[in-house]
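File shown: structure-v2.cif. Contents: mmCIF, C-alpha atoms.
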data_run
#
loop_
_atom_site.label_atom_id
_atom_site.label_comp_id
_atom_site.auth_asym_id
_atom_site.auth_seq_id
_atom_site.Cartn_x
_atom_site.Cartn_y
_atom_site.Cartn_z
CA MET A 24 9.57 -111.79 40.24
CA LEU A 25 6.04 -111.77 38.84
CA ASN A 26 6.60 -114.58 36.35
CA LEU A 27 4.66 -117.75 36.96
CA ASP A 28 6.96 -120.74 37.05
CA PRO A 29 5.12 -123.91 35.92
CA GLY A 30 7.56 -126.21 37.74
CA MET A 31 6.98 -124.38 41.02
CA MET A 32 3.21 -124.52 40.52
CA PHE A 33 3.42 -128.24 39.77
CA TRP A 34 5.33 -128.89 42.98
CA THR A 35 2.97 -126.66 44.97
CA TRP A 36 -0.01 -128.67 43.79
CA VAL A 37 1.72 -131.98 44.43
CA THR A 38 2.74 -130.96 47.94
CA PHE A 39 -0.61 -129.40 48.76
CA PHE A 40 -2.64 -132.38 47.65
CA ILE A 41 -0.37 -134.89 49.37
CA VAL A 42 -0.68 -132.88 52.60
CA LEU A 43 -4.44 -132.52 52.10
CA ILE A 44 -4.99 -136.23 51.53
CA ILE A 45 -2.72 -137.45 54.33
CA LEU A 46 -4.02 -134.86 56.75
CA SER A 47 -7.71 -135.39 56.08
CA LYS A 48 -7.52 -139.19 55.98
CA LEU A 49 -5.13 -139.82 58.86
CA ALA A 50 -5.42 -136.84 61.18
CA LEU A 51 -8.35 -134.56 60.58
CA LYS A 52 -11.05 -137.15 60.10
CA PRO A 53 -10.50 -138.91 63.45
CA MET A 54 -9.73 -135.59 65.14
CA LEU A 55 -12.89 -133.86 63.92
CA THR A 56 -14.96 -136.94 64.69
CA ALA A 57 -13.51 -137.09 68.19
CA ILE A 58 -14.14 -133.40 68.68
CA SER A 59 -17.72 -133.54 67.51
CA ASN A 60 -18.32 -136.68 69.58
CA ARG A 61 -16.97 -134.86 72.59
CA GLU A 62 -19.11 -131.85 71.82
CA ASP A 63 -22.17 -134.08 71.55
CA GLN A 64 -21.26 -135.74 74.82
CA ILE A 65 -20.79 -132.42 76.57
CA ARG A 66 -24.02 -131.13 75.13
CA GLY A 67 -25.78 -134.33 76.27
CA ASP A 68 -24.24 -134.06 79.72
CA ILE A 69 -25.36 -130.47 80.05
CA ASP A 70 -28.86 -131.37 78.89
CA ASN A 71 -28.95 -134.26 81.35
CA ALA A 72 -27.74 -132.08 84.18
CA LYS A 73 -30.37 -129.49 83.32
CA LYS A 74 -33.06 -132.13 83.21
CA GLN A 75 -31.95 -133.60 86.51
CA ARG A 76 -31.90 -130.18 88.10
CA ASP A 77 -35.41 -129.54 86.86
CA GLU A 78 -36.51 -132.85 88.29
CA ALA A 79 -34.84 -132.11 91.60
CA GLU A 80 -36.50 -128.71 91.71
CA GLU A 81 -39.85 -130.25 91.00
CA LEU A 82 -39.29 -132.79 93.77
CA LEU A 83 -38.27 -130.02 96.13
CA ASN A 84 -41.40 -128.09 95.26
CA GLN A 85 -43.50 -131.17 95.84
CA HIS A 86 -41.86 -131.67 99.19
CA LYS A 87 -42.39 -128.08 100.10
CA GLU A 88 -46.05 -128.37 99.16
CA LEU A 89 -46.31 -131.58 101.14
CA MET A 90 -44.71 -129.94 104.16
CA ALA A 91 -46.99 -126.96 103.88
CA SER A 92 -50.09 -129.13 103.61
CA ALA A 93 -48.93 -131.31 106.51
CA GLU A 94 -48.41 -128.23 108.61
CA SER A 95 -51.82 -126.83 107.79
CA GLU A 96 -53.29 -130.27 108.48
CA ALA A 97 -51.58 -130.32 111.87
CA GLN A 98 -52.83 -126.83 112.61
CA LYS A 99 -56.33 -127.87 111.68
CA ILE A 100 -56.13 -130.95 113.87
CA ILE A 101 -54.86 -128.92 116.81
CA LYS A 102 -57.60 -126.38 116.33
CA GLU A 103 -60.24 -129.08 116.11
CA ASN A 104 -58.89 -130.74 119.22
CA GLN A 105 -58.89 -127.46 121.05
CA GLN A 106 -62.48 -126.87 120.04
CA LEU A 107 -63.41 -130.38 121.07
CA ALA A 108 -61.67 -129.98 124.44
CA GLU A 109 -63.40 -126.67 124.97
CA LYS A 110 -66.72 -128.20 124.14
CA THR A 111 -66.07 -131.17 126.42
CA LYS A 112 -65.01 -128.84 129.20
CA GLN A 113 -68.11 -126.76 128.76
CA SER A 114 -70.35 -129.75 128.76
CA MET A 115 -68.60 -131.21 131.81
CA ILE A 116 -68.96 -127.95 133.65
CA GLU A 117 -72.59 -127.83 132.62
CA THR A 118 -73.18 -131.37 133.84
CA ALA A 119 -71.38 -130.71 137.08
CA ARG A 120 -73.40 -127.57 137.64
CA LYS A 121 -76.64 -129.43 136.99
CA GLU A 122 -75.55 -132.18 139.33
CA ALA A 123 -74.67 -129.69 141.98
CA ASP A 124 -77.97 -127.91 141.55
CA LYS A 125 -79.74 -131.18 141.86
CA ILE A 126 -77.84 -132.08 145.01
CA ILE A 127 -78.56 -128.66 146.49
CA GLU A 128 -82.20 -129.05 145.56
CA ASN A 129 -82.30 -132.45 147.19
CA ALA A 130 -80.58 -131.17 150.28
CA LYS A 131 -83.01 -128.31 150.53
CA LYS A 132 -85.90 -130.71 150.17
CA GLU A 133 -84.38 -132.97 152.84
CA ILE A 134 -83.88 -130.04 155.17
CA ASP A 135 -87.47 -128.94 154.64
CA ARG A 136 -88.64 -132.40 155.25
CA GLN A 137 -86.57 -132.72 158.43
CA LYS A 138 -87.75 -129.35 159.62
CA GLU A 139 -91.35 -130.32 158.92
CA SER A 140 -91.01 -133.58 160.82
CA ALA A 141 -89.18 -131.88 163.70
CA LEU A 142 -91.85 -129.21 163.89
CA SER A 143 -94.65 -131.73 163.79
CA SER A 144 -93.02 -133.84 166.51
CA LEU A 145 -92.47 -130.68 168.61
CA ARG A 146 -96.04 -129.69 168.06
CA ALA A 147 -97.23 -133.11 169.22
CA GLU A 148 -94.99 -132.89 172.30
CA VAL A 149 -96.24 -129.44 173.16
CA ALA A 150 -99.84 -130.59 172.71
CA ASP A 151 -99.19 -133.55 175.00
CA LEU A 152 -97.64 -131.30 177.61
CA ALA A 153 -100.53 -128.88 177.37
CA ILE A 154 -103.03 -131.69 177.65
CA GLY A 155 -101.11 -133.13 180.70
CA ALA A 156 -101.07 -129.70 182.34
CA ALA A 157 -104.70 -129.19 181.56
CA GLU A 158 -105.47 -132.61 183.08
CA LYS A 159 -103.60 -131.69 186.27
CA ILE A 160 -105.41 -128.34 186.47
CA ILE A 161 -108.74 -129.96 185.98
CA ILE A 162 -108.01 -132.64 188.66
CA GLN A 163 -106.79 -130.20 191.41
CA LYS A 164 -108.90 -126.97 191.07
CA LEU A 165 -110.57 -127.08 194.45
CA ASP A 166 -108.76 -124.44 196.55
CA LYS A 167 -106.42 -121.63 196.36
CA SER A 168 -103.62 -123.30 198.25
CA GLU A 169 -104.03 -126.29 196.15
CA HIS A 170 -103.99 -124.02 193.14
CA ASP A 171 -100.79 -122.32 194.17
CA LYS A 172 -99.27 -125.59 195.03
CA ILE A 173 -100.02 -126.90 191.59
CA ILE A 174 -98.64 -123.83 189.95
CA ASN A 175 -95.47 -124.10 192.01
CA GLU A 176 -95.19 -127.71 191.29
CA TYR A 177 -95.57 -127.03 187.63
CA THR A 178 -93.13 -124.23 187.61
CA ASN A 179 -90.70 -126.32 189.57
CA SER A 180 -91.11 -129.11 187.14
CA MET A 181 -90.15 -126.78 184.33
CA PRO A 182 -86.48 -126.81 183.41
CA LYS A 183 -84.49 -124.35 185.48
CA SER A 184 -83.14 -121.21 183.85
CA GLU A 185 -79.45 -120.51 184.21
CA LYS A 186 -80.15 -117.50 186.36
CA ASN A 187 -81.49 -119.50 189.25
CA MET B 25 37.12 -96.75 64.17
CA ILE B 26 37.93 -100.34 63.51
CA TRP B 27 34.21 -101.08 63.26
CA SER B 28 33.56 -98.66 60.44
CA ASP B 29 36.62 -99.98 58.65
CA HIS B 30 35.25 -103.47 58.95
CA ALA B 31 31.85 -102.40 57.67
CA ALA B 32 33.48 -100.57 54.80
CA ALA B 33 35.51 -103.66 54.02
CA ALA B 34 32.35 -105.78 53.99
CA ALA B 35 30.68 -103.30 51.69
CA ASP B 36 33.69 -103.34 49.46
CA THR B 37 33.57 -107.12 49.31
CA LEU B 38 29.96 -106.83 48.20
CA ALA B 39 30.99 -104.26 45.61
CA GLU B 40 33.70 -106.57 44.36
CA HIS B 41 31.07 -109.25 43.79
CA LYS B 42 29.18 -106.64 41.76
CA GLU B 43 26.22 -106.86 44.13
CA ASP B 44 24.31 -103.85 45.31
CA ILE B 45 21.79 -103.87 48.14
CA GLY B 46 18.87 -104.31 45.74
CA GLY B 47 20.52 -107.35 44.22
CA TRP B 48 21.23 -108.71 47.69
CA ILE B 49 17.60 -108.36 48.74
CA THR B 50 16.33 -109.87 45.49
CA HIS B 51 18.72 -112.76 45.92
CA HIS B 52 17.33 -113.47 49.38
CA ILE B 53 13.70 -113.52 48.44
CA GLN B 54 13.95 -115.12 45.03
CA ASN B 55 13.69 -118.71 44.10
CA SER B 56 16.92 -120.44 43.19
CA ASN B 57 18.35 -123.83 42.51
CA ALA B 58 20.40 -123.85 45.67
CA TRP B 59 19.53 -123.65 49.32
CA HIS B 60 21.74 -121.40 51.44
CA PRO B 61 20.92 -122.36 55.01
CA PHE B 62 23.98 -120.55 56.39
CA PRO B 63 26.52 -118.17 54.91
CA GLY B 64 29.04 -120.15 52.93
CA VAL B 65 26.90 -123.30 52.83
CA ASP B 66 25.28 -124.00 49.48
CA ILE B 67 23.15 -127.08 49.03
CA HIS B 68 22.69 -127.65 45.33
CA LEU B 69 19.32 -129.09 44.62
CA PRO B 70 18.83 -131.78 42.00
CA HIS B 71 17.91 -130.97 38.43
CA LEU B 72 15.12 -133.16 37.22
CA PRO B 73 14.47 -133.76 33.53
CA ALA B 74 11.68 -131.63 32.09
CA ILE B 75 8.34 -133.34 31.64
CA ASN B 76 5.81 -132.79 28.90
CA ILE B 77 2.20 -132.10 29.80
CA LEU B 78 -0.11 -131.36 26.86
CA GLY B 79 2.84 -130.49 24.71
CA ILE B 80 4.23 -127.95 27.16
CA SER B 81 7.64 -128.70 28.53
CA ILE B 82 7.77 -128.12 32.29
CA ASP B 83 11.01 -127.84 34.21
CA ILE B 84 10.29 -129.64 37.47
CA SER B 85 13.71 -129.16 39.01
CA ILE B 86 13.64 -128.97 42.78
CA THR B 87 14.21 -125.40 43.90
CA ASN B 88 14.71 -123.57 47.13
CA HIS B 89 10.99 -122.83 47.59
CA THR B 90 10.01 -126.35 46.64
CA VAL B 91 12.13 -127.64 49.50
CA MET B 92 10.45 -125.12 51.81
CA LEU B 93 7.05 -126.41 50.71
CA PHE B 94 8.12 -129.99 51.38
CA ILE B 95 9.39 -129.04 54.81
CA ALA B 96 6.15 -127.17 55.53
CA GLY B 97 4.17 -130.25 54.53
CA ILE B 98 6.29 -132.48 56.75
CA ILE B 99 5.92 -130.05 59.67
CA ILE B 100 2.13 -129.93 59.29
CA ILE B 101 1.71 -133.69 59.01
CA SER B 102 4.02 -134.44 61.94
CA MET B 103 2.30 -131.76 64.02
CA PHE B 104 -1.04 -133.50 63.57
CA MET B 105 0.29 -137.04 63.74
CA PHE B 106 2.67 -136.81 66.68
CA LEU B 107 1.75 -133.78 68.75
CA TYR B 108 -1.98 -134.33 68.90
CA LYS B 109 -2.89 -137.38 70.91
CA LEU B 110 -6.30 -138.63 69.98
CA LYS B 111 -6.42 -140.96 72.96
CA ASN B 112 -6.52 -138.06 75.39
CA LYS B 113 -10.10 -137.07 75.81
CA VAL B 114 -9.01 -133.74 77.16
CA PRO B 115 -6.22 -132.31 75.00
CA THR B 116 -3.12 -131.01 76.75
CA GLY B 117 -0.17 -128.84 75.83
CA PHE B 118 0.42 -128.35 72.13
CA GLY B 119 -2.56 -130.53 71.25
CA ASN B 120 -4.71 -127.93 72.93
CA ILE B 121 -3.36 -125.12 70.74
CA LEU B 122 -3.77 -127.29 67.65
CA GLU B 123 -7.30 -128.18 68.58
CA MET B 124 -8.10 -124.55 69.29
CA MET B 125 -6.88 -123.58 65.82
CA VAL B 126 -8.75 -126.43 64.16
CA LEU B 127 -11.92 -125.45 65.99
CA PHE B 128 -11.33 -121.82 65.07
CA VAL B 129 -11.10 -122.74 61.38
CA ARG B 130 -14.13 -125.00 61.66
CA ASP B 131 -16.41 -122.67 63.63
CA GLU B 132 -15.30 -119.14 62.78
CA ILE B 133 -14.19 -119.66 59.17
CA ALA B 134 -15.92 -122.69 57.67
CA ILE B 135 -19.29 -122.83 59.42
CA ALA B 136 -19.59 -119.05 59.77
CA ASN B 137 -19.17 -118.49 56.02
CA MET B 138 -20.56 -121.65 54.45
CA GLY B 139 -23.33 -122.79 56.76
CA GLU B 140 -23.45 -125.80 59.05
CA LYS B 141 -23.53 -128.63 56.49
CA GLU B 142 -21.16 -127.28 53.83
CA GLY B 143 -18.85 -125.88 56.49
CA ARG B 144 -18.27 -129.31 58.00
CA ARG B 145 -17.73 -130.77 54.53
CA PHE B 146 -15.01 -128.29 53.57
CA THR B 147 -13.33 -128.08 56.97
CA PRO B 148 -10.41 -130.43 56.06
CA LEU B 149 -9.62 -128.42 52.90
CA LEU B 150 -9.73 -125.12 54.80
CA ILE B 151 -7.63 -126.44 57.67
CA THR B 152 -5.02 -127.60 55.16
CA PHE B 153 -5.07 -124.18 53.49
CA PHE B 154 -4.74 -122.44 56.83
CA PHE B 155 -1.82 -124.49 58.13
CA PHE B 156 -0.08 -124.70 54.76
CA VAL B 157 -0.08 -120.93 54.38
CA LEU B 158 0.61 -120.26 58.07
CA ILE B 159 3.58 -122.62 58.32
CA SER B 160 5.01 -121.38 55.00
CA ASN B 161 4.64 -117.78 56.18
CA LEU B 162 6.26 -118.46 59.53
CA MET B 163 9.11 -120.47 58.02
CA GLY B 164 10.33 -117.32 56.29
CA LEU B 165 10.95 -115.83 59.74
CA ILE B 166 13.28 -118.62 60.80
CA PRO B 167 16.92 -118.18 59.81
CA ALA B 168 18.11 -120.67 57.13
CA PHE B 169 14.60 -121.03 55.76
CA SER B 170 12.80 -118.85 53.25
CA THR B 171 9.21 -117.93 52.50
CA SER B 172 7.64 -120.06 49.82
CA THR B 173 4.48 -117.93 49.99
CA GLY B 174 6.67 -115.01 48.89
CA ASN B 175 6.78 -116.70 45.51
CA ILE B 176 3.87 -115.73 43.25
CA SER B 177 3.78 -119.17 41.63
CA VAL B 178 2.97 -120.74 45.01
CA THR B 179 0.24 -118.26 45.93
CA ALA B 180 -1.19 -118.48 42.41
CA SER B 181 -1.30 -122.27 42.66
CA LEU B 182 -3.14 -122.04 45.97
CA ALA B 183 -5.58 -119.47 44.57
CA ILE B 184 -6.13 -121.69 41.52
CA ILE B 185 -7.05 -124.53 43.89
CA THR B 186 -9.67 -122.23 45.43
CA PHE B 187 -10.86 -121.12 41.97
CA LEU B 188 -11.18 -124.68 40.67
CA SER B 189 -12.97 -125.70 43.89
CA THR B 190 -15.53 -122.91 43.45
CA GLN B 191 -16.15 -123.93 39.83
CA TYR B 192 -16.19 -127.67 40.48
CA PHE B 193 -18.39 -127.66 43.57
CA GLY B 194 -20.57 -124.85 42.19
CA ILE B 195 -21.27 -126.77 38.98
CA ARG B 196 -21.85 -129.95 40.94
CA GLN B 197 -24.31 -128.11 43.17
CA SER B 198 -26.44 -126.31 40.58
CA GLY B 199 -25.48 -127.77 37.21
CA PHE B 200 -23.33 -126.20 34.49
CA LEU B 201 -25.95 -123.76 33.18
CA GLY B 202 -27.47 -123.18 36.60
CA TYR B 203 -24.12 -122.21 38.09
CA TYR B 204 -23.19 -119.67 35.42
CA LYS B 205 -26.73 -118.31 35.38
CA GLY B 206 -26.44 -117.89 39.15
CA LEU B 207 -23.47 -115.59 38.67
CA VAL B 208 -25.73 -112.86 37.27
CA PRO B 209 -27.64 -111.10 40.06
CA HIS B 210 -31.41 -111.50 40.19
CA GLY B 211 -33.56 -108.79 38.67
CA VAL B 212 -31.26 -107.81 35.82
CA PRO B 213 -33.15 -107.07 32.54
CA TRP B 214 -32.54 -109.76 29.86
CA TRP B 215 -30.77 -107.39 27.45
CA LEU B 216 -28.10 -106.69 30.08
CA TRP B 217 -27.36 -110.35 30.54
CA PRO B 218 -24.46 -110.69 28.08
CA LEU B 219 -22.74 -107.69 29.59
CA MET B 220 -23.40 -108.79 33.17
CA LEU B 221 -22.11 -112.28 32.48
CA VAL B 222 -18.83 -110.90 31.14
CA VAL B 223 -18.51 -108.51 34.09
CA GLU B 224 -19.28 -111.26 36.61
CA ILE B 225 -16.77 -113.66 35.08
CA MET B 226 -14.14 -110.94 35.12
CA GLY B 227 -15.03 -110.26 38.75
CA LEU B 228 -14.70 -113.96 39.51
CA LEU B 229 -11.22 -114.04 38.02
CA ALA B 230 -10.24 -110.77 39.67
CA LYS B 231 -11.20 -112.09 43.12
CA HIS B 232 -8.77 -114.96 42.78
CA VAL B 233 -6.03 -112.83 41.25
CA ALA B 234 -6.44 -110.51 44.22
CA LEU B 235 -6.17 -113.52 46.52
CA THR B 236 -2.88 -114.43 44.83
CA ILE B 237 -1.40 -110.94 44.89
CA ARG B 238 -2.51 -110.20 48.46
CA LEU B 239 -0.68 -113.11 50.05
CA PHE B 240 2.38 -112.79 47.79
CA ALA B 241 2.77 -109.03 48.25
CA ASN B 242 2.23 -109.14 52.01
CA MET B 243 4.81 -111.83 52.51
CA ILE B 244 7.43 -110.36 50.22
CA ALA B 245 6.95 -106.77 51.41
CA GLY B 246 7.82 -107.63 55.01
CA HIS B 247 10.97 -109.39 53.94
CA ILE B 248 12.05 -106.56 51.66
CA VAL B 249 11.53 -104.05 54.48
CA LEU B 250 13.41 -106.27 56.92
CA PHE B 251 16.35 -106.70 54.58
CA ALA B 252 16.31 -103.04 53.64
CA PHE B 253 16.64 -102.02 57.27
CA LEU B 254 19.56 -104.37 57.73
CA GLY B 255 21.02 -103.21 54.39
CA LEU B 256 21.26 -99.68 55.76
CA ILE B 257 24.31 -100.80 57.74
CA ILE B 258 26.08 -101.85 54.56
CA MET B 259 24.86 -98.90 52.54
CA PHE B 260 26.13 -96.30 54.97
CA LYS B 261 29.28 -98.30 55.75
CA SER B 262 28.96 -97.71 59.49
CA TYR B 263 28.07 -99.99 62.39
CA ALA B 264 26.43 -97.01 64.10
CA TRP B 265 23.46 -97.60 61.82
CA ALA B 266 22.86 -100.86 63.63
CA GLY B 267 21.38 -98.77 66.48
CA VAL B 268 18.59 -97.78 64.12
CA SER B 269 18.24 -100.76 61.84
CA ILE B 270 18.34 -103.53 64.47
CA PRO B 271 15.41 -102.14 66.58
CA PHE B 272 13.43 -101.41 63.43
CA GLY B 273 14.33 -104.83 62.10
CA ILE B 274 13.08 -106.47 65.30
CA PHE B 275 9.91 -104.39 65.12
CA VAL B 276 9.33 -105.48 61.52
CA TYR B 277 10.05 -109.07 62.52
CA PHE B 278 7.30 -109.03 65.13
CA LEU B 279 5.03 -107.27 62.67
CA GLU B 280 5.78 -110.11 60.25
CA ILE B 281 4.65 -112.71 62.78
CA LEU B 282 1.36 -110.84 63.01
CA VAL B 283 1.13 -110.52 59.22
CA ALA B 284 1.86 -114.23 58.79
CA LEU B 285 -1.08 -115.11 61.05
CA ILE B 286 -3.39 -112.51 59.54
CA GLN B 287 -2.61 -113.47 55.94
CA ALA B 288 -3.15 -117.16 56.66
CA TYR B 289 -6.48 -116.24 58.24
CA ILE B 290 -7.47 -113.95 55.36
CA PHE B 291 -6.51 -116.45 52.69
CA THR B 292 -8.55 -119.17 54.42
CA ILE B 293 -11.58 -117.00 55.14
CA LEU B 294 -11.70 -115.69 51.57
CA SER B 295 -11.40 -119.21 50.18
CA ALA B 296 -14.23 -120.25 52.49
CA LEU B 297 -16.30 -117.27 51.35
CA PHE B 298 -15.75 -117.96 47.64
CA ILE B 299 -16.46 -121.67 47.90
CA GLY B 300 -19.42 -120.95 50.18
CA MET B 301 -20.85 -118.49 47.65
CA SER B 302 -20.63 -121.03 44.86
CA VAL B 303 -22.18 -123.92 46.79
CA ASN B 304 -24.92 -121.79 48.37
CA PRO B 305 -26.07 -119.83 45.28
CA ASP B 306 -29.21 -118.46 46.92
CA HIS B 307 -27.44 -116.64 49.71
#
Could you spell out this file's structure in structure tokens?
Amino acid sequence: MLNLDPGMMFWTWVTFFIVLIILSKLALKPMLTAISNREDQIRGDIDNAKKQRDEAEELLNQHKELMASAESEAQKIIKENQQLAEKTKQSMIETARKEADKIIENAKKEIDRQKESALSSLRAEVADLAIGAAEKIIIQKLDKSEHDKIINEYTNSMPKSEKN
Amino acid sequence: MIWSDHAAAAADTLAEHKEDIGGWITHHIQNSNAWHPFPGVDIHLPHLPAINILGISIDISITNHTVMLFIAGIIIISMFMFLYKLKNKVPTGFGNILEMMVLFVRDEIAIANMGEKEGRRFTPLLITFFFFVLISNLMGLIPAFSTSTGNISVTASLAIITFLSTQYFGIRQSGFLGYYKGLVPHGVPWWLWPLMLVVEIMGLLAKHVALTIRLFANMIAGHIVLFAFLGLIIMFKSYAWAGVSIPFGIFVYFLEILVALIQAYIFTILSALFIGMSVNPDH
């Protein structure tokens, strides 16, 4: 059982090498090439996918940054506008107040003026009346009856009170 | 008790033919000039005239195990040619299993033990080793076929292929002197060199002899155990023994499937290791 049989060994080598040559030339070479090509392709695909994902992530980040900056920009603009509106409001109120003050001032001045002119015209009237009365007194001062008469006349010429 | 009578009669028939159980087992695992696919069928294989190589006369008659080797070769080639469709980018069915095994040999055996570049270079050789040994091992488990790897001449021939590959590719890699100098470990004092060289060369031969014996003994042992279990029925002349020997026989059969795979793997990985060691002397 442990004897080496040269004929058997010869046939083993013949068979083995025929199988080796046929297999490696016809089957294994194309098969291994196809397998390694496929592996390369899969590896390439995975690399590509990874790269594309990285790119997409970067884009997403850029967009997020853009959105954030746009939002802050909008906030800034709103704030600025609010400040501007506030300022405008304040200045409008200020202007209106000044205007109103001026109008009041003018009105006061007008009133004073009117009062002054009314007073002066009243004063002139009263002076005229007094002078007229004094003229009448001076003309008719001869007797007592005359005197009374004048007084009565004068009093009668005065506007009547509501009581009488 | 007609069964036991029958068994006794069968045993008697064996005794008449002057065959004991040992002879029966030996007959089943030994090489012969005839193939017995089924009981009673004998295919006589052709006798070829002896050829002379270097003055040694070699009898190259076709034997039982030679036929098994041929069949194994045909099975391997047709497996790769007809069951693996290269056109399919994604392999299906049996092609998938085949591709898985090829990739296993390439990645786990060749590249793992020889490095990326050398591994790819020797992948076809190792795949052929793997399938040649695996199919031969498994063929012994199919009725009507026998195990050619249970013949020491076959395993020795395969181990000699590994041995010659290590020498050839090793010498081609580092030169004749460089290769044999590389056998001696670094840091050995010069006066130990002659001794170390002898020891290393003996070790080199022993590795390959071990490779031969390991595969041969593993394959033949399983078959002897299997036949011995079945032989118990004849030995004890009672069918009742079938209750013991059939379950044990089935158990050994499944064990043999495992052993066939493991031995094919071990033979290939050791070949890869030896060739890898000779082509990568620095590692």
Distance cut-off 8 Å, counting only C-alpha atoms - which residues of chain B neighbour chain A? Return them as an MDAnalysis selection string.
chainID B and resid 54 82:85 87 89:90 93:94 97 100:101 104:105 110 113 148:149 152 156 175:178 180:182
Excluding same-chain residues fewer than 6 positions from segment 152-160 of chain A, what lies within 9 Å of it counting only C-alpha atoms, as a count of residues only?
4
Between atom CA of His71 of chain B and atom CA of Ile86 of chain B, distance in Å (one decimal):
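Distance reported for this atom pair: 6.4 Å.
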Expanded to explicit residues, what is the PyMOL selection byres ((chain B and resi 125) around 12) for this file, as a PyMOL selection string?
chain B and resi 104+118-124+126-133+147+150-152+154-155+158+285+288-289
For atom CA of Leu279 of chain B and atom CA of His52 of chain B, the interatomic separation in Å (one decimal)
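Between atom CA of Leu279 of chain B and atom CA of His52 of chain B the gap works out to 19.1 Å.
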How many Å lie between atom CA of Gly211 of chain B and atom CA of Val223 of chain B, rounded to one decimal?
15.7 Å
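For the choices B:Leu282, B:Met220, B:Ala134, B:Val249, the atom-to-atom distance to Phe146 of chain B is smallest for B:Ala134 when using all atoms listed in the file.
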Set the distance at 9 Å and use all atoms listed in the file: which residues neighbour Phe253 of chain B once local chain neighbours fewer than 4 positions away are removed? I'd like the list as a ChimeraX atom specification.
/B:248-249,257,266,268-270,272-273
Taking the file as shown, what set of residues would the PyMOL selection byres ((chain B and resi 290-306) around 9) give back, as a PyMOL selection string?
chain B and resi 129+132-135+137-139+142-143+146+150-151+153-154+157+183+186-187+189-191+193-198+203+206-207+231-232+235-236+238-239+285-289+307
Apply the PyMOL selection byres ((chain B and resi 221) around 12) to the file shown and report the selected residues as number ranges by chain.
B: 203-209, 212, 214-220, 222-228
Please rebuild segment 104-118 of chain B with N, CA and C atoms and return the result as a short mmCIF file (atom, residue, chain, number, x, y, z; two decimals), in the coordinates of the input.
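Saved the output as selection_20.cif:
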data_model
loop_
_atom_site.label_atom_id
_atom_site.label_comp_id
_atom_site.auth_asym_id
_atom_site.auth_seq_id
_atom_site.Cartn_x
_atom_site.Cartn_y
_atom_site.Cartn_z
N PHE B 104 0.25 -132.85 63.32
CA PHE B 104 -1.04 -133.50 63.57
C PHE B 104 -0.89 -134.96 63.97
N MET B 105 0.17 -135.61 63.46
CA MET B 105 0.29 -137.04 63.74
C MET B 105 0.92 -137.30 65.11
N PHE B 106 1.88 -136.47 65.48
CA PHE B 106 2.67 -136.81 66.68
C PHE B 106 2.37 -135.91 67.88
N LEU B 107 1.92 -134.69 67.61
CA LEU B 107 1.75 -133.78 68.75
C LEU B 107 0.30 -133.72 69.24
N TYR B 108 -0.59 -134.30 68.44
CA TYR B 108 -1.98 -134.33 68.90
C TYR B 108 -2.33 -135.77 69.23
N LYS B 109 -2.58 -136.02 70.50
CA LYS B 109 -2.89 -137.38 70.91
C LYS B 109 -4.40 -137.55 70.99
N LEU B 110 -4.86 -138.43 70.09
CA LEU B 110 -6.30 -138.63 69.98
C LEU B 110 -6.86 -139.36 71.19
N LYS B 111 -5.95 -140.14 71.84
CA LYS B 111 -6.42 -140.96 72.96
C LYS B 111 -6.83 -140.08 74.14
N ASN B 112 -6.15 -138.94 74.28
CA ASN B 112 -6.52 -138.06 75.39
C ASN B 112 -7.88 -137.44 75.12
N LYS B 113 -8.78 -137.69 76.02
CA LYS B 113 -10.10 -137.07 75.81
C LYS B 113 -10.03 -135.57 76.01
N VAL B 114 -9.23 -135.17 76.94
CA VAL B 114 -9.01 -133.74 77.16
C VAL B 114 -7.62 -133.41 76.63
N PRO B 115 -7.54 -132.58 75.58
CA PRO B 115 -6.22 -132.31 75.00
C PRO B 115 -5.35 -131.49 75.94
N THR B 116 -4.04 -131.74 75.88
CA THR B 116 -3.12 -131.01 76.75
C THR B 116 -2.01 -130.41 75.91
N GLY B 117 -1.37 -129.41 76.43
CA GLY B 117 -0.17 -128.84 75.83
C GLY B 117 -0.39 -128.36 74.41
N PHE B 118 0.49 -128.82 73.51
CA PHE B 118 0.42 -128.35 72.13
C PHE B 118 -0.85 -128.83 71.44
#
